[in-house]
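Shown next: coords-v1.cif, given as mmCIF, C-alpha atoms.
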```
data_structure
#
loop_
_atom_site.label_atom_id
_atom_site.label_comp_id
_atom_site.auth_asym_id
_atom_site.auth_seq_id
_atom_site.Cartn_x
_atom_site.Cartn_y
_atom_site.Cartn_z
CA MET K 1452 -2.24 20.08 -0.40
CA VAL K 1453 -1.69 23.79 -0.93
CA VAL K 1454 -4.49 26.35 -0.70
CA ALA K 1455 -3.32 29.53 -2.37
CA PRO K 1456 -4.35 33.09 -1.37
CA ASP K 1457 -6.82 33.24 -4.26
CA GLY K 1458 -8.52 30.05 -3.05
CA THR K 1459 -7.15 27.71 -5.73
CA VAL K 1460 -5.95 24.25 -4.69
CA ALA K 1461 -2.94 22.19 -5.76
CA GLY K 1462 -2.41 18.62 -4.64
CA SER K 1463 -4.46 16.35 -2.42
CA VAL K 1464 -4.16 14.75 1.01
CA SER K 1465 -6.51 11.81 0.70
CA GLY K 1466 -7.56 11.39 -2.89
CA GLY K 1467 -10.87 13.11 -2.26
CA CYS K 1468 -12.23 11.75 1.04
CA VAL K 1469 -11.68 14.78 3.26
CA GLU K 1470 -10.57 17.46 0.82
CA GLY K 1471 -13.55 19.72 1.49
CA ALA K 1472 -13.02 19.69 5.25
CA VAL K 1473 -9.29 20.28 4.89
CA TYR K 1474 -9.93 23.17 2.52
CA ASP K 1475 -12.18 24.83 5.08
CA ALA K 1476 -9.57 24.31 7.81
CA ALA K 1477 -6.83 25.70 5.58
CA THR K 1478 -8.71 28.88 4.75
CA GLU K 1479 -9.37 29.46 8.45
CA VAL K 1480 -5.74 28.83 9.43
CA ALA K 1481 -4.61 31.22 6.70
CA LYS K 1482 -6.73 33.93 8.33
CA THR K 1483 -5.79 33.23 11.97
CA GLY K 1484 -2.16 32.28 11.37
CA ILE K 1485 -2.48 29.57 14.03
CA PRO K 1486 -1.48 26.03 12.89
CA ARG K 1487 -3.45 23.07 14.12
CA LEU K 1488 -3.70 19.29 13.86
CA GLU K 1489 -6.98 17.95 12.49
CA ARG K 1490 -8.14 14.34 12.79
CA TYR K 1491 -10.70 12.84 10.45
CA GLY K 1492 -12.27 9.41 10.81
CA VAL K 1493 -15.46 7.40 10.85
CA SER K 1494 -17.64 8.08 13.89
CA ASP K 1495 -21.19 7.24 14.95
CA GLY K 1496 -21.45 4.84 12.05
CA ASP K 1497 -21.88 7.72 9.59
CA ALA K 1498 -18.83 7.94 7.35
CA PHE K 1499 -20.31 10.63 5.14
CA ALA K 1500 -20.83 12.98 8.08
CA VAL K 1501 -17.08 13.15 8.72
CA GLY K 1502 -15.97 12.75 5.13
CA LEU K 1503 -13.69 9.71 5.42
CA THR K 1504 -15.91 7.37 3.43
CA CYS K 1505 -13.14 4.83 2.85
CA GLY K 1506 -12.75 4.18 6.58
CA GLY K 1507 -9.75 4.56 8.87
CA VAL K 1508 -8.32 7.68 10.47
CA ILE K 1509 -6.20 10.45 8.98
CA ASP K 1510 -4.33 13.24 10.76
CA VAL K 1511 -3.73 16.44 8.79
CA PHE K 1512 -1.48 19.22 10.07
CA VAL K 1513 -2.66 22.57 8.70
CA GLU K 1514 -0.22 25.46 8.82
CA PRO K 1515 0.16 28.92 7.28
CA ILE K 1516 3.09 29.29 4.87
CA SER K 1517 4.67 32.66 4.08
CA ARG K 1518 8.09 34.27 3.92
CA ALA K 1519 7.66 35.19 7.56
CA THR K 1520 6.55 31.76 8.83
CA PHE K 1521 8.78 29.61 6.60
CA PRO K 1522 11.73 31.59 5.22
CA GLU K 1523 13.53 28.37 4.18
CA PHE K 1524 10.68 27.23 1.93
CA GLY K 1525 12.29 28.42 -1.31
CA ALA K 1526 15.58 26.70 -0.53
CA VAL K 1527 13.73 23.48 0.32
CA ALA K 1528 11.90 23.63 -3.01
CA ASP K 1529 15.25 24.09 -4.78
CA ASP K 1530 16.71 21.08 -2.96
CA ILE K 1531 13.79 18.89 -4.02
CA GLY K 1532 13.99 20.11 -7.61
CA GLU K 1533 17.72 19.36 -7.76
CA ASN K 1534 17.36 15.92 -6.12
CA ARG K 1535 19.25 16.96 -3.01
CA PRO K 1536 18.15 15.20 0.20
CA VAL K 1537 16.29 17.39 2.68
CA ALA K 1538 13.86 16.79 5.55
CA ILE K 1539 11.44 19.12 7.33
CA ALA K 1540 10.79 18.39 11.01
CA THR K 1541 7.69 20.20 12.28
CA VAL K 1542 6.24 20.22 15.81
CA ILE K 1543 2.60 19.14 15.45
CA GLY K 1544 1.82 18.57 19.14
CA HIS K 1545 3.24 20.09 22.37
CA PRO K 1546 2.02 21.05 25.87
CA ASP K 1547 3.14 24.60 25.11
CA ALA K 1548 1.08 25.82 22.16
CA ARG K 1549 3.84 28.25 21.19
CA TRP K 1550 5.97 25.29 20.05
CA VAL K 1551 3.35 24.00 17.60
CA GLY K 1552 4.37 24.81 14.02
CA ARG K 1553 8.03 25.36 14.77
CA ARG K 1554 10.34 23.49 12.45
CA VAL K 1555 13.90 22.66 11.54
CA VAL K 1556 15.12 21.96 8.01
CA VAL K 1557 17.55 19.07 8.11
CA ARG K 1558 20.13 18.31 5.45
CA PRO K 1559 22.91 15.71 5.65
CA GLU K 1560 25.44 18.42 6.40
CA ALA K 1561 23.46 21.22 8.08
CA VAL K 1562 20.38 22.22 10.10
CA ALA K 1563 18.40 25.44 9.70
CA GLY K 1564 15.85 26.81 12.15
CA SER K 1565 14.99 25.81 15.71
CA LEU K 1566 12.21 24.06 17.59
CA GLY K 1567 12.76 25.99 20.79
CA SER K 1568 15.77 24.48 22.54
CA ALA K 1569 19.21 23.17 21.63
CA ARG K 1570 18.38 19.81 23.19
CA ALA K 1571 15.26 19.33 21.09
CA ASP K 1572 17.02 20.54 17.95
CA ALA K 1573 19.87 18.05 18.38
CA ALA K 1574 17.62 15.06 19.08
CA VAL K 1575 15.22 15.75 16.22
CA ALA K 1576 18.01 16.54 13.74
CA ASP K 1577 19.76 13.23 14.48
CA ASP K 1578 16.57 11.22 14.03
CA ALA K 1579 15.52 13.18 10.96
CA ARG K 1580 18.84 12.36 9.30
CA GLY K 1581 18.21 8.69 10.02
CA LEU K 1582 14.80 8.88 8.35
CA LEU K 1583 16.20 10.89 5.45
CA ALA K 1584 18.89 8.28 4.86
CA VAL K 1585 16.23 5.66 4.10
CA GLY K 1586 13.65 7.99 2.53
CA ARG K 1587 11.10 7.61 5.33
CA SER K 1588 8.61 10.14 6.72
CA GLU K 1589 7.30 9.54 10.22
CA VAL K 1590 5.82 11.08 13.38
CA LEU K 1591 8.34 10.94 16.24
CA LYS K 1592 7.58 11.43 19.94
CA TYR K 1593 9.75 13.12 22.58
CA GLY K 1594 9.49 14.76 25.97
CA PRO K 1595 8.61 18.48 25.96
CA ASP K 1596 12.30 19.44 25.69
CA GLY K 1597 13.33 16.71 23.28
CA GLN K 1598 13.87 13.94 25.84
CA ARG K 1599 14.08 10.68 23.90
CA LEU K 1600 12.21 8.58 26.44
CA GLY K 1601 9.68 11.26 27.25
CA ASP K 1602 6.23 12.10 25.97
CA GLY K 1603 4.33 15.23 25.08
CA MET K 1604 6.00 16.54 21.94
CA GLU K 1605 5.15 15.11 18.52
CA VAL K 1606 7.28 15.96 15.51
CA PHE K 1607 6.40 15.11 11.92
CA VAL K 1608 9.50 14.47 9.81
CA SER K 1609 8.77 14.83 6.11
CA SER K 1610 11.68 13.37 4.13
CA PHE K 1611 12.44 14.35 0.56
CA ALA K 1612 15.09 11.89 -0.51
CA PRO K 1613 16.36 12.02 -4.10
CA ARG K 1614 13.99 10.36 -6.54
CA PRO K 1615 14.88 6.71 -7.14
CA ARG K 1616 16.76 5.74 -10.28
CA MET K 1617 15.71 3.45 -13.09
CA LEU K 1618 18.56 2.21 -15.27
CA VAL K 1619 17.39 0.81 -18.60
CA PHE K 1620 20.01 -1.04 -20.64
CA GLY K 1621 19.26 -1.51 -24.32
CA ALA K 1622 18.15 1.36 -26.58
CA ILE K 1623 15.17 -0.38 -28.18
CA ASP K 1624 11.48 0.48 -28.62
CA PHE K 1625 10.62 -1.37 -25.41
CA ALA K 1626 13.14 0.82 -23.58
CA ALA K 1627 11.42 3.98 -24.86
CA ALA K 1628 8.07 2.76 -23.52
CA LEU K 1629 9.63 1.71 -20.20
CA ALA K 1630 11.42 5.05 -19.86
CA GLN K 1631 8.08 6.81 -20.24
CA GLN K 1632 6.46 4.51 -17.66
CA GLY K 1633 9.37 4.91 -15.23
CA SER K 1634 9.30 8.68 -15.51
CA PHE K 1635 5.54 8.61 -14.88
CA LEU K 1636 6.16 6.63 -11.67
CA GLY K 1637 8.68 9.20 -10.46
CA TYR K 1638 11.97 7.53 -11.35
CA ARG K 1639 15.00 9.35 -12.72
CA VAL K 1640 15.43 7.28 -15.85
CA THR K 1641 18.77 6.61 -17.55
CA VAL K 1642 18.92 4.71 -20.85
CA CYS K 1643 22.31 3.20 -21.66
CA ASP K 1644 23.53 1.40 -24.77
CA ALA K 1645 26.94 0.95 -26.38
CA ARG K 1646 25.51 1.63 -29.84
CA GLU K 1647 25.69 5.37 -30.46
CA VAL K 1648 23.32 5.28 -33.41
CA PHE K 1649 20.49 4.00 -31.19
CA ALA K 1650 21.23 5.75 -27.88
CA THR K 1651 20.06 9.28 -28.72
CA PRO K 1652 17.97 11.71 -26.66
CA VAL K 1653 15.56 12.11 -29.56
CA ARG K 1654 14.54 8.45 -29.27
CA PHE K 1655 14.07 8.69 -25.49
CA PRO K 1656 12.53 12.10 -24.75
CA THR K 1657 11.21 11.08 -21.31
CA ALA K 1658 14.57 9.79 -20.07
CA GLU K 1659 16.52 12.13 -17.83
CA GLN K 1660 19.77 10.88 -19.29
CA VAL K 1661 20.86 8.88 -22.35
CA VAL K 1662 24.34 7.38 -22.10
CA VAL K 1663 26.52 5.82 -24.78
CA ASP K 1664 28.68 3.23 -23.02
CA TRP K 1665 28.99 -0.48 -22.50
CA PRO K 1666 26.27 -1.35 -19.97
CA HIS K 1667 28.50 -3.29 -17.56
CA ARG K 1668 31.14 -0.56 -17.58
CA TYR K 1669 28.61 2.18 -16.93
CA LEU K 1670 26.89 0.26 -14.13
CA ALA K 1671 30.20 -0.58 -12.45
CA ALA K 1672 31.21 3.09 -12.56
CA GLN K 1673 27.88 4.17 -11.09
CA ALA K 1674 28.22 1.63 -8.29
CA GLN K 1675 31.74 2.85 -7.61
CA ALA K 1676 30.46 6.42 -7.45
CA GLY K 1677 27.85 5.40 -4.84
CA THR K 1678 24.79 6.30 -6.93
CA ILE K 1679 23.22 2.82 -6.74
CA ASP K 1680 21.11 2.01 -3.67
CA GLU K 1681 18.24 -0.18 -2.49
CA ASN K 1682 15.75 1.99 -4.40
CA THR K 1683 17.51 1.63 -7.75
CA VAL K 1684 15.74 -0.36 -10.47
CA ILE K 1685 17.81 -2.08 -13.17
CA CYS K 1686 16.12 -3.34 -16.33
CA VAL K 1687 18.19 -5.17 -18.93
CA LEU K 1688 16.34 -5.21 -22.25
CA THR K 1689 19.17 -6.03 -24.65
CA HIS K 1690 18.59 -9.83 -24.67
CA ASP K 1691 22.00 -10.13 -26.32
CA PRO K 1692 24.54 -12.23 -24.40
CA LYS K 1693 27.47 -9.93 -25.12
CA PHE K 1694 25.60 -7.09 -23.41
CA ASP K 1695 23.28 -8.63 -20.84
CA VAL K 1696 25.53 -11.26 -19.27
CA PRO K 1697 28.32 -8.80 -18.26
CA VAL K 1698 25.89 -6.18 -16.96
CA LEU K 1699 23.88 -8.77 -15.01
CA GLN K 1700 27.10 -10.03 -13.44
CA VAL K 1701 27.65 -6.53 -12.09
CA ALA K 1702 24.01 -5.92 -11.14
CA LEU K 1703 23.48 -9.19 -9.27
CA GLY K 1704 26.77 -8.74 -7.44
CA LEU K 1705 25.72 -5.41 -5.96
CA PRO K 1706 24.94 -5.60 -2.22
CA ARG K 1707 22.06 -3.14 -2.42
CA VAL K 1708 19.68 -2.76 -5.34
CA GLY K 1709 15.90 -2.65 -5.44
CA TYR K 1710 15.14 -4.67 -8.56
CA VAL K 1711 17.00 -6.44 -11.35
CA GLY K 1712 15.08 -7.74 -14.36
CA ALA K 1713 16.04 -9.02 -17.80
CA MET K 1714 13.94 -9.33 -20.95
CA GLY K 1715 13.85 -12.36 -23.20
CA SER K 1716 11.99 -15.48 -24.22
CA ARG K 1717 12.01 -18.68 -22.19
CA ARG K 1718 14.78 -19.99 -24.39
CA THR K 1719 16.78 -16.78 -23.96
CA HIS K 1720 16.24 -16.99 -20.21
CA ASP K 1721 17.51 -20.57 -20.00
CA ASP K 1722 20.58 -19.72 -22.08
CA ARG K 1723 21.23 -16.61 -20.00
CA MET K 1724 21.02 -18.50 -16.71
CA SER K 1725 23.50 -21.09 -17.99
CA ARG K 1726 25.91 -18.36 -19.03
CA LEU K 1727 25.57 -16.57 -15.68
CA ARG K 1728 26.22 -19.77 -13.76
CA ALA K 1729 29.26 -20.44 -15.94
CA ALA K 1730 30.45 -16.93 -15.09
CA GLY K 1731 30.40 -17.86 -11.40
CA LEU K 1732 27.15 -16.40 -10.09
CA THR K 1733 25.61 -18.27 -7.18
CA ASP K 1734 22.03 -19.51 -6.86
CA ALA K 1735 21.38 -16.84 -4.22
CA GLU K 1736 22.47 -14.12 -6.65
CA LEU K 1737 20.43 -15.59 -9.49
CA ASP K 1738 17.35 -15.73 -7.28
CA ARG K 1739 17.39 -11.93 -7.25
CA LEU K 1740 16.87 -11.81 -11.01
CA SER K 1741 13.38 -11.27 -12.41
CA SER K 1742 13.59 -13.09 -15.72
CA PRO K 1743 11.68 -13.10 -17.97
CA ILE K 1744 10.97 -9.58 -16.78
CA GLY K 1745 7.45 -8.42 -15.91
CA LEU K 1746 4.13 -9.87 -14.78
CA ASP K 1747 1.92 -12.15 -16.84
CA LEU K 1748 -0.51 -9.60 -18.27
CA GLY K 1749 -0.57 -11.02 -21.77
CA ALA K 1750 1.33 -7.92 -22.94
CA ARG K 1751 2.36 -7.69 -26.59
CA THR K 1752 3.20 -4.10 -27.52
CA PRO K 1753 6.13 -2.14 -26.05
CA GLU K 1754 3.67 0.00 -24.10
CA GLU K 1755 1.85 -3.00 -22.67
CA THR K 1756 5.16 -4.65 -21.84
CA ALA K 1757 6.28 -1.51 -20.01
CA VAL K 1758 3.14 -1.69 -17.87
CA SER K 1759 3.90 -5.34 -17.15
CA ILE K 1760 7.44 -4.49 -16.03
CA ALA K 1761 6.27 -1.54 -13.93
CA ALA K 1762 3.66 -3.76 -12.26
CA ASP K 1763 6.36 -6.30 -11.37
CA ILE K 1764 8.55 -3.55 -9.89
CA ILE K 1765 5.68 -2.19 -7.79
CA ALA K 1766 4.67 -5.66 -6.60
CA LYS K 1767 8.18 -6.49 -5.46
CA ARG K 1768 8.63 -3.11 -3.79
CA TRP K 1769 5.52 -3.42 -1.64
CA GLY K 1770 5.18 -7.18 -1.33
CA GLY K 1771 2.18 -7.49 -3.62
CA GLY K 1772 1.26 -10.81 -5.18
CA GLY K 1773 0.23 -9.54 -8.60
CA ARG K 1774 -3.22 -11.16 -8.28
CA PRO K 1775 -6.54 -9.45 -9.08
CA LEU K 1776 -7.93 -7.71 -6.00
CA THR K 1777 -11.15 -9.65 -6.49
CA GLU K 1778 -9.20 -12.77 -5.54
CA THR K 1779 -7.72 -11.30 -2.34
CA THR K 1780 -9.07 -10.26 1.06
CA GLY K 1781 -7.95 -7.88 3.79
CA ARG K 1782 -6.25 -4.51 3.35
CA ILE K 1783 -5.66 -3.38 -0.21
CA HIS K 1784 -2.49 -1.38 0.42
CA HIS K 1785 0.81 -3.01 1.37
CA ASP K 1786 2.76 -0.57 3.52
CA ALA K 1787 5.33 -2.78 5.23
CA PRO K 1788 8.79 -1.30 4.57
CA ASP K 1789 11.59 -3.29 3.08
CA PRO K 1790 13.20 -5.34 5.92
CA GLN K 1791 16.66 -4.11 4.94
CA VAL K 1792 15.57 -0.47 5.03
CA GLU K 1793 13.69 -0.96 8.30
CA GLY K 1794 16.78 -2.60 9.79
CA GLU K 1795 19.01 0.27 8.73
CA PHE K 1796 16.66 2.77 10.38
CA ARG K 1797 16.54 0.76 13.60
CA ASP K 1798 20.34 0.49 13.60
CA TYR K 1799 20.62 4.23 13.11
CA LEU K 1800 18.31 5.04 16.01
CA THR K 1801 20.07 2.50 18.23
CA ARG K 1802 23.30 4.44 17.84
CA TYR K 1803 21.57 7.43 19.38
#
```
I'd like the structure from this file rewritten - as structure tokens, please.
Amino acid sequence: MVVAPDGTVAGSVSGGCVEGAVYDAATEVAKTGIPRLERYGVSDGDAFAVGLTCGGVIDVFVEPISRATFPEFGAVADDIGENRPVAIATVIGHPDARWVGRRVVVRPEAVAGSLGSARADAAVADDARGLLAVGRSEVLKYGPDGQRLGDGMEVFVSSFAPRPRMLVFGAIDFAAALAQQGSFLGYRVTVCDAREVFATPVRFPTAEQVVVDWPHRYLAAQAQAGTIDENTVICVLTHDPKFDVPVLQVALGLPRVGYVGAMGSRRTHDDRMSRLRAAGLTDAELDRLSSPIGLDLGARTPEETAVSIAADIIAKRWGGGGRPLTETTGRIHHDAPDPQVEGEFRDYLTRY
């Protein structure tokens, strides 16, 4: 959340629970120039007194931002806008108050700024790159001088990995609705179809890219170029064997991809599975396919179907069951990371 000099606000830190308290803290920090870590939670049984009516605890680091305090801010904004990976590592707790608020900007190939010592800079930069590689933000703990097994210094690493990709194959009305839904969810959407008359930017105004190419050839080239990862979503909407079978062969053979779904009726699904088996795909590979694509919402229109597909993608990403919340108990939010991503991060840290 940004509080501008004229008092206007952009963004939110909690969806409304503690915004008033954070606003007051931000205006004070802007005047004093001294950053600080605020903690909000339920105490004395009176949630409304502390603002966090939904329960739990939230830590908010409040810091002044200016050309003097954060000269790299503009370059960071440019990186995010251009989908270049960048992470900001900020000291939010330290025995020496002079360290609080210091930061380094970490990119895959370079580091800008300093926390206060070469040792701390090196340790934090290495770990920040590990988090950036998997798109994770996290609070890391070190000794006062960056000792890995120490305690006393807390560093918040805010990772801005490139936005995930959504590849939609099949330039049909359902693809236009899905492109709009994907863009709304923050995906960089590409629509691809071999038929030039249908694959036009005018038909898909919310897509970042419209490509005229055979789907399997385009996907194979993207995989070869290294632009497909565990966050990539692949939706095959052609429901035409000459298009969807070859592209699904490529998609399901990829070692890392977040979601693969294919549209079609039950009969189309059965025929497609037979064709894919005949093409040599294994049961393990076929188990990764969401077909027919989407959740059972009773959707009929392209827009409703797009919501159904988006719901399926979200459920699989976070481990949701797709059931009404009235039928479930316990925590509402699923925040367990993907085991593959978690494993990669652990492997990275182990090397250091």
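Residues matching the PyMOL selection byres ((chain K and resi 1474) around 10) in this structure come to Met1452, Val1453, Val1454, Gly1458, Thr1459, Val1460, Val1469, Glu1470, Gly1471, Ala1472, Val1473, Asp1475, Ala1476, Ala1477, Thr1478, Glu1479, Val1480 and Val1513 of chain K.
Separating CA of Trp1550 (chain K) from CA of Ala1612 (chain K) is a distance of 26.2 Å.
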| request: Give me the result of the PyMOL selection byres ((chain K and resi 1565) around 12) on this file, residue by residue, as JSON, numbers by chain. | output: {"K": [1521, 1523, 1539, 1540, 1541, 1542, 1550, 1551, 1552, 1553, 1554, 1555, 1556, 1557, 1562, 1563, 1564, 1566, 1567, 1568, 1569, 1570, 1571, 1572, 1573, 1574, 1575, 1576, 1597]}
| Shell of 8 Å around region 1765-1767 of chain K, all atoms listed in the file, local chain residues under 5 positions omitted, as a PyMOL selection string | chain K and resi 1710+1772-1773
Using C-alpha atoms, can you write the selected residues to a file as an mmCIF file, keeping the file's coordinate frame?
```
data_model
loop_
_atom_site.group_PDB
_atom_site.id
_atom_site.type_symbol
_atom_site.label_atom_id
_atom_site.label_comp_id
_atom_site.auth_asym_id
_atom_site.auth_seq_id
_atom_site.Cartn_x
_atom_site.Cartn_y
_atom_site.Cartn_z
ATOM 1 C CA TYR K 1710 15.140 -4.670 -8.560
ATOM 2 C CA GLY K 1772 1.260 -10.810 -5.180
ATOM 3 C CA GLY K 1773 0.230 -9.540 -8.600
#
```
Please evaluate the PyMOL selection byres ((chain K and resi 1758) around 9) against the displayed coordinates and give the resulting residues as a short mmCIF file (atom, residue, chain, number, x, y, z; two decimals) with C-alpha atoms, keeping the file's coordinate frame.
```cif
data_model
loop_
_atom_site.label_atom_id
_atom_site.label_comp_id
_atom_site.auth_asym_id
_atom_site.auth_seq_id
_atom_site.Cartn_x
_atom_site.Cartn_y
_atom_site.Cartn_z
CA ALA K 1628 8.07 2.76 -23.52
CA LEU K 1629 9.63 1.71 -20.20
CA GLN K 1632 6.46 4.51 -17.66
CA GLY K 1745 7.45 -8.42 -15.91
CA LEU K 1746 4.13 -9.87 -14.78
CA LEU K 1748 -0.51 -9.60 -18.27
CA ALA K 1750 1.33 -7.92 -22.94
CA PRO K 1753 6.13 -2.14 -26.05
CA GLU K 1754 3.67 0.00 -24.10
CA GLU K 1755 1.85 -3.00 -22.67
CA THR K 1756 5.16 -4.65 -21.84
CA ALA K 1757 6.28 -1.51 -20.01
CA SER K 1759 3.90 -5.34 -17.15
CA ILE K 1760 7.44 -4.49 -16.03
CA ALA K 1761 6.27 -1.54 -13.93
CA ALA K 1762 3.66 -3.76 -12.26
CA ASP K 1763 6.36 -6.30 -11.37
#
```
How big is the axis-aligned box around all listed atoms of region 1680-1693 of chain K once 3 Å goes on each side, and where's its centre, in Å to one decimal, as JSON?
```
{"center_x": 21.6, "center_y": -5.1, "center_z": -14.4, "size_x": 17.7, "size_y": 20.2, "size_z": 29.8}
```
| Which residues, written as a ChimeraX atom specification, have at least one atom at most 9 Å from Cys1686 (chain K), with all atoms listed in the file counted and residues fewer than 6 positions away on the same chain left out? | /K:1617-1621,1626,1710-1714,1744,1760
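Only residues having an atom at most 8 Å from (14.0, -12.6, -22.6) are included; using all atoms listed in the file, these are Leu1688, His1690, Ala1713, Met1714, Gly1715, Ser1716, Arg1717, Arg1718, Thr1719, His1720, Ser1742, Pro1743 and Ile1744 of chain K.
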| message | Measuring between only C-alpha atoms, which one of K:Thr1641, K:Gln1631, K:Thr1657, K:Ser1588 shows the shortest distance to Leu1670 (chain K)? | response | K:Thr1641
| Residue contacts of Val1696 (chain K) (9 Å, all atoms listed in the file) excluding same-chain residues fewer than 2 positions away, as a list in words | His1667, His1690, Asp1691, Pro1692, Lys1693, Phe1694, Val1698, Leu1699, Gln1700, Val1701, Arg1723, Met1724, Arg1726, Leu1727 and Ala1730 of chain K
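Each of K:Pro1656, K:Pro1536, K:Pro1456, K:Gly1484 was compared to Glu1514 (chain K) using all atoms listed in the file, and K:Gly1484 turns out to be the nearest.
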| query | Contacts of region 1645-1649 of chain K at 12 Å or less, counting all atoms listed in the file, minus same-chain residues fewer than 2 places along, as a PyMOL selection string? | reply | chain K and resi 1620-1624+1626-1627+1642-1643+1651-1655+1661-1669+1689+1693-1695+1698
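One finds CA of Lys1592 (chain K) at 17.5 Å from CA of Arg1490 (chain K).
Here CA of Ile1679 (chain K) is placed at a distance of 11.9 Å from CA of Arg1614 (chain K).
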| field | Given only C-alpha atoms as the counted atoms, nearest of K:Gly1544, K:Gly1633, K:Gly1781, K:Gly1586 to Arg1487 (chain K) | value | K:Gly1544
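Closest approach to Ile1543 (chain K) from the set K:Asp1577, K:Glu1605, K:Glu1736, K:Asp1530 is made by K:Glu1605, with distances taken over all atoms listed in the file.
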